[in-house]
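Peer 1: Attaching a single structure in structure tokens format; questions to follow.
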Amino acid sequence: MRKTLSVSLKYAYIFLYGAFIYSAIEVAFRGYTHWSMTLTGGTALVAIYRMNMLMSRKSLLLRCAAGCAVITSMEFTVGCVVNRWLHMGVWDYSHMPLNVLGQICPLFSGAWFLLCIPAIAICMFLHKRIFENTSM
């Protein structure tokens, strides 16, 4: 008999996984994180999971490029709200070359591209080991 897992519970699980992992990465590299980044990390993993399911037959390179675009656009949106509108000063890339309003830059977009490799692996693990064993 298969267990039933609701769609909202499935995405909540992915969200929490992404929120925790992204916060841990940021604390490891930066020494601290911000609640807005925790929420963004969770939302990003949900988006990468959905994108990965839709693009499952595409190359890893293409899926990483799509994930990079998703994360960079989220970073820009969140940055404009928390840094520019609410003046929280969570990050400032204005000293980085080719930055856009100090919120995104090519260096960090490259980092998001590379982080999509383990993110996609996590999504595949969750899908195959946990979600495939439940009925929706």
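Starting from 1 in every chain, residues are counted up; chains themselves are A, B, ... following the order of the structure tokens, and ligands are numbered from 1 as listed.
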Determine which residues of chain A receive a DSSP assignment of strand (DSSP E or B), computed from the backbone, and state them as a list in words.
Peer 2: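 DSSP on the backbone gives strand (DSSP E or B) at Lys3, Thr4, Val100, Ile104, Thr134 and Ser135 of chain A.
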Peer 1: Which residues, written as a tab-separated table (two decimals) with C-alpha atoms, in the first residue's frame, have at least one atom at most 12 Å from A:Ala65, with only C-alpha atoms counted and residues fewer than 2 positions away on the same chain left out?
Peer 2:
```tsv
chain	number	residue	atom	x	y	z
A	48	ILE	CA	14.64	24.10	-9.65
A	51	MET	CA	12.14	23.01	-13.79
A	52	ASN	CA	14.09	19.76	-13.48
A	55	MET	CA	13.36	19.47	-18.43
A	58	LYS	CA	17.47	17.93	-21.42
A	59	SER	CA	21.21	18.03	-20.83
A	60	LEU	CA	22.63	18.89	-17.42
A	61	LEU	CA	24.26	21.96	-19.00
A	62	LEU	CA	20.89	23.28	-20.20
A	63	ARG	CA	19.21	22.54	-16.86
A	67	GLY	CA	18.49	27.09	-12.95
A	68	CYS	CA	21.07	29.86	-13.05
A	69	ALA	CA	18.57	32.14	-14.81
A	70	VAL	CA	15.89	31.30	-12.22
A	71	ILE	CA	18.18	31.92	-9.24
A	72	THR	CA	19.68	35.10	-10.71
A	109	SER	CA	25.49	33.97	-11.61
A	110	GLY	CA	28.38	31.62	-12.39
A	111	ALA	CA	28.27	30.39	-8.82
A	112	TRP	CA	24.52	29.74	-9.15
A	113	PHE	CA	25.20	27.81	-12.35
A	114	LEU	CA	27.66	25.55	-10.51
A	115	LEU	CA	25.39	25.20	-7.47
A	116	CYS	CA	22.65	23.94	-9.78
A	117	ILE	CA	24.63	20.71	-10.23
A	120	ILE	CA	19.58	19.11	-9.44
```
Peer 1: If I take atom CA of A:Tyr93 and atom CA of A:Cys105, how far is one from the other in Å, to one decimal?
Peer 2: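 So the two atoms, atom CA of A:Tyr93 and atom CA of A:Cys105, lie 6.8 Å apart.
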Peer 1: From the set A:Met96, A:Val7, A:Leu45, A:Met88, which residue has the shortest atom-to-atom contact distance to A:Ile21, counting only C-alpha atoms?
Peer 2: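 Among the listed residues, the smallest separation from A:Ile21 belongs to A:Leu45.
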Peer 1: Measuring atom to atom with only C-alpha atoms, identify which of A:Ile25, A:Ala19, A:Leu9, A:Cys80 is nearest to A:Val100.
Peer 2: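 So, comparing all the options, the nearest one is A:Cys80.
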Peer 1: For the atom pair atom CA of A:Pro118 and atom CA of A:Phe29, what is the interatomic distance in Å to one decimal place?
Peer 2: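 Atom CA of A:Phe29 lies at a distance of 16.6 Å from atom CA of A:Pro118.
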Peer 1: For atom CA of A:Tyr11 and atom CA of A:Arg129, determine how far apart the two atoms are, in Å to one decimal place.
Peer 2: 15.1 Å
Peer 1: Just list as a PyMOL selection string whatever in chain A DSSP marks as helix (DSSP H, G or I).
Peer 2: chain A and resi 7-30+35-54+60-85+106-131
Peer 1: Could you check the closest approach to A:Glu75 for each of A:Leu101, A:Thr40, A:Ala24, A:Glu132 and tell me which residue wins, using only C-alpha atoms?
Peer 2: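 Of the candidates, the smallest distance to A:Glu75 is held by A:Thr40.
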Peer 1: Looking at only C-alpha atoms, which of A:Arg30, A:Met74, A:Arg57, A:Ile122 is the one that sits closest to A:Gly18?
Peer 2: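 Distance minimum relative to A:Gly18 lands on A:Ile122.
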